[in-house]
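Undergrad: This is the structure I have questions about; it appears just below.
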Amino acid sequence: MAEGAERDARIARRLSELAPFVMFVVAPDGTIVWVSAPVERLFGMSRDAIVGTNIFDHVDVPWNADAIDSVAYAMGASGLQRPMLFRLVRSDGTTMIAEVTANAQFDDPDIAGLAVYARQWDERWGFEQLLDAMADNTPLPAVIDLVLAVTGTENLAAEGVFVYTDPESGDRRVRSNPSLGPAQRQAAPTPGAPWTTALQELLPCSVPVRELPEPLASEAAQRGHRWCWAWPVPALEGSETLGCLVLWRKLNEPPDHTCRMTLGRLVRFIALVFRREALTAELRRAALHDPLTGLGNRSAFFAQLTDATRRDEGSSGVERTVAVVSIDLDGFKPVNDRLGHAAGDDVLVAVADRLRAQVREGDLVARLGGDEFCILCRDLDGEDAATRLARRIVVALEEPVITRSGPARIGASVGVSLCRPGQVTGDGLLEAADRAMYRAKADGAGTWRIGELRSSGEALAAAREKSRDASFGEG
């Protein structure tokens, strides 16, 4: 029996030394009276250095007030308590997230305190943060930073870089750990670089640092890196590749099954975020664009019109001209009546394309409804430029449109109004353009007119008249 008990004690001691977690015995006053050997690996402190210190000397107390309350509760309880997350401080000042479980054994003569079990939880905490970011619609760059934080936790133990194509602009983007060297952070498409190979072959690529091209090899070696891993990120649907996750590791080993599983989870998280970004962009576009023509819709036009006509208090004094061009198609109803609504849609799409071709980059072409179009021009070179634009529009829309049901002829009546920011409201500028357009239509199809702005008194009188006419009509 004695030999068996001694063997059990040896096994228990060895298991304690080999365990992936740290065990403490904490006295009722918070003093650490015993600790297991793994404390050196997780805390960077020897057992002799940590025994005799207070447990709260190693806890980032403000990080989680509930965690501190859980200690106070455990001190007055008995038996095994539920786990709680703490942020613990290592000897070098760095921190780690740990899951801590307490077992109150004050009546046990050998323990006479709290038996505390702490295991590293950074990676799991990082994945929880990623889930929260997904739920909160956190912007893409911030989510990628969270991914890079996970690459630095216990399993991957790497300094990360993510190379990707921005879903909005289509430009190449790089997010990286700031501790890396310039060439490592840039992750340029260099022949022989693992990320270049991974993106070309659409397969993970792992390369020892000594086999990398220069200057990557020297830069990485100077920072103690031994391996570079590159993991392509495929889209959840289709064959598109979204980017590449690059890991620089100081451990001299290729990825094992645990690392591959962790990287697989990260890659799926990234793909989910990209799909969310694509869906969000699609919703934004749908909210601000006409579904038939792809032009800006009424909401987009009025938002930009309000912004363009607002006085810029910080302007340098340079006079800027804002113009609104109101366009109504002549002869559109007969197209619908004679050739059908599908042909009418063809005409509207053709009109949209022709209007786009007449404006400058940055001008907004919008379809406000039916066959009513508007153009908003900022920083226009005065009335002459507006007149030239109106003339080009009239000429462009005189050309026949080939529809699925045959050719269709239309025309356009165009009204233009101009102002300086702060001179008139957006509604006032649009009203002047509409009045000019109706004058053009009354004067004959295929022409344009320049509108005059109403004074504030005239605009108020017109609004009252319109309101009075409406009230009489109700009677």
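Labels used: A, B, ... for chains in the order of the structure tokens, numbers from 1 for residues in each chain, and numbers from 1 for ligands as shown.
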Taking 4 positions as the minimum chain separation for residues in the same chain, which residues sit within 10 Å of range 66-71 of chain A when counting only C-alpha atoms? Answer as a PyMOL selection string.

TA: chain A and resi 30+56+59-62+75-77+81-87+100-102+114

Undergrad: Take the residues from that selection and put them in a file with N, CA and C atoms, as a compact mmCIF listing (two decimals), in the first residue's frame.

TA:
# COMPACT_ATOMS: atom_id res chain seq x y z
N GLY A 30 -5.53 36.26 0.63
CA GLY A 30 -5.13 36.47 -0.76
C GLY A 30 -3.69 36.10 -1.05
N PHE A 56 -3.82 39.30 -6.07
CA PHE A 56 -4.27 40.50 -6.80
C PHE A 56 -3.11 41.30 -7.38
N VAL A 59 -3.27 40.43 -11.10
CA VAL A 59 -4.56 40.57 -11.77
C VAL A 59 -4.76 42.01 -12.21
N ASP A 60 -5.21 42.20 -13.47
CA ASP A 60 -5.61 43.52 -13.95
C ASP A 60 -7.01 43.78 -13.41
N VAL A 61 -7.08 44.36 -12.23
CA VAL A 61 -8.34 44.47 -11.49
C VAL A 61 -9.41 45.24 -12.27
N PRO A 62 -9.12 46.40 -12.90
CA PRO A 62 -10.20 47.15 -13.58
C PRO A 62 -10.77 46.43 -14.80
N MET A 75 -14.52 33.24 -1.48
CA MET A 75 -13.92 33.25 -0.14
C MET A 75 -14.95 32.91 0.94
N GLY A 76 -16.22 33.19 0.68
CA GLY A 76 -17.25 32.90 1.68
C GLY A 76 -18.09 31.68 1.35
N ALA A 77 -17.67 30.96 0.31
CA ALA A 77 -18.44 29.79 -0.12
C ALA A 77 -17.65 28.52 0.20
N GLN A 81 -16.50 26.42 -7.59
CA GLN A 81 -17.24 27.57 -8.09
C GLN A 81 -17.23 27.59 -9.62
N ARG A 82 -18.11 28.37 -10.19
CA ARG A 82 -18.15 28.47 -11.64
C ARG A 82 -16.93 29.27 -12.14
N PRO A 83 -16.45 28.95 -13.35
CA PRO A 83 -15.28 29.67 -13.87
C PRO A 83 -15.60 31.12 -14.21
N MET A 84 -14.56 31.95 -14.22
CA MET A 84 -14.68 33.37 -14.54
C MET A 84 -13.43 33.78 -15.30
N LEU A 85 -13.57 34.75 -16.20
CA LEU A 85 -12.43 35.23 -16.96
C LEU A 85 -11.74 36.39 -16.24
N PHE A 86 -10.43 36.30 -16.13
CA PHE A 86 -9.57 37.34 -15.56
C PHE A 86 -8.55 37.76 -16.61
N ARG A 87 -8.02 38.97 -16.47
CA ARG A 87 -6.83 39.33 -17.23
C ARG A 87 -5.66 39.36 -16.25
N VAL A 100 -10.39 31.21 -14.88
CA VAL A 100 -10.00 30.88 -13.50
C VAL A 100 -11.18 30.22 -12.79
N THR A 101 -10.90 29.08 -12.20
CA THR A 101 -11.90 28.35 -11.43
C THR A 101 -11.39 28.19 -10.01
N ALA A 102 -12.23 28.49 -9.03
CA ALA A 102 -11.84 28.38 -7.62
C ALA A 102 -12.61 27.24 -6.95
N LEU A 114 -8.23 28.64 -0.90
CA LEU A 114 -8.82 28.44 -2.21
C LEU A 114 -7.86 27.64 -3.08

Undergrad: Pull the strand (DSSP E or B) assignments for range 72-134 of chain A out of DSSP run on the backbone, and list those residues as a PyMOL selection string.

TA: chain A and resi 79-80+84-89+95-105+113-120

Undergrad: When distances are computed from only C-alpha atoms, which of A:Glu3, A:Glu372, A:Asp48, A:Glu383 shows the smallest separation from Ile327 in chain A?

TA: A:Glu372

Undergrad: So how far away is CA of Glu214 in chain A from CA of Glu159 in chain A, in Å?

TA: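 Answer for the CA of Glu159 in chain A to CA of Glu214 in chain A separation: 19.2 Å.
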
Undergrad: Excluding Val325 in chain A and any residue of its chain fewer than 2 positions from it, enumerate the residues within 10 Å of it, using only C-alpha atoms, and give them as number ranges by chain.

TA: A: 323, 327, 365, 373-377, 386-387, 389-390, 393, 414-418, 429-430, 432-434, 436-437, 448-451

Undergrad: Output C-alpha atoms for every residue in that selection, as an mmCIF file, in the first residue's frame.

TA:
data_model
loop_
_atom_site.group_PDB
_atom_site.id
_atom_site.type_symbol
_atom_site.label_atom_id
_atom_site.label_comp_id
_atom_site.auth_asym_id
_atom_site.auth_seq_id
_atom_site.Cartn_x
_atom_site.Cartn_y
_atom_site.Cartn_z
ATOM 1 C CA ALA A 323 -26.342 73.705 -61.003
ATOM 2 C CA ILE A 327 -34.998 66.749 -67.702
ATOM 3 C CA VAL A 365 -27.322 61.801 -62.538
ATOM 4 C CA PHE A 373 -34.363 62.831 -64.573
ATOM 5 C CA CYS A 374 -32.153 65.344 -62.782
ATOM 6 C CA ILE A 375 -28.461 66.168 -62.806
ATOM 7 C CA LEU A 376 -26.598 67.849 -59.940
ATOM 8 C CA CYS A 377 -23.332 69.609 -60.843
ATOM 9 C CA ALA A 386 -24.623 74.794 -67.894
ATOM 10 C CA THR A 387 -25.938 75.877 -71.288
ATOM 11 C CA LEU A 389 -24.485 70.705 -70.934
ATOM 12 C CA ALA A 390 -28.198 71.334 -71.646
ATOM 13 C CA ILE A 393 -28.379 66.515 -73.491
ATOM 14 C CA VAL A 414 -34.477 70.710 -70.181
ATOM 15 C CA GLY A 415 -34.454 73.338 -67.453
ATOM 16 C CA VAL A 416 -31.333 74.608 -65.695
ATOM 17 C CA SER A 417 -30.889 76.631 -62.508
ATOM 18 C CA LEU A 418 -27.701 77.862 -60.878
ATOM 19 C CA LEU A 429 -32.839 75.480 -56.764
ATOM 20 C CA LEU A 430 -34.775 72.435 -57.989
ATOM 21 C CA ALA A 432 -36.259 77.006 -60.462
ATOM 22 C CA ALA A 433 -34.962 74.215 -62.731
ATOM 23 C CA ASP A 434 -38.435 72.632 -62.926
ATOM 24 C CA ALA A 436 -37.471 76.439 -66.572
ATOM 25 C CA MET A 437 -38.082 72.905 -67.851
ATOM 26 C CA TRP A 448 -33.802 74.140 -72.903
ATOM 27 C CA ARG A 449 -34.247 77.198 -70.709
ATOM 28 C CA ILE A 450 -32.293 78.791 -67.847
ATOM 29 C CA GLY A 451 -34.373 79.373 -64.724
#

Undergrad: Rank A:Ala385, A:Ala157, A:Val322, A:Leu140 by their smallest atom-to-atom distance to Asp307 in chain A, using only C-alpha atoms, and report the top residue only.

TA: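 So, comparing all the options, the nearest one is A:Val322.
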
Undergrad: Any idea what the distance is between CA of Asn252 in chain A and CA of Val143 in chain A?

TA: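 Pair CA of Asn252 in chain A / CA of Val143 in chain A returns 28.5 Å.
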
Undergrad: One decimal, in Å: what's the spacing between CA of Gly224 in chain A and CA of Lys250 in chain A?

TA: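 A separation of 5.7 Å between them.
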
Undergrad: Could you tell me which of A:Met134, A:Ile55, A:Cys228, A:Leu15 comes closest to Cys205 in chain A if we count only C-alpha atoms?

TA: A:Cys228
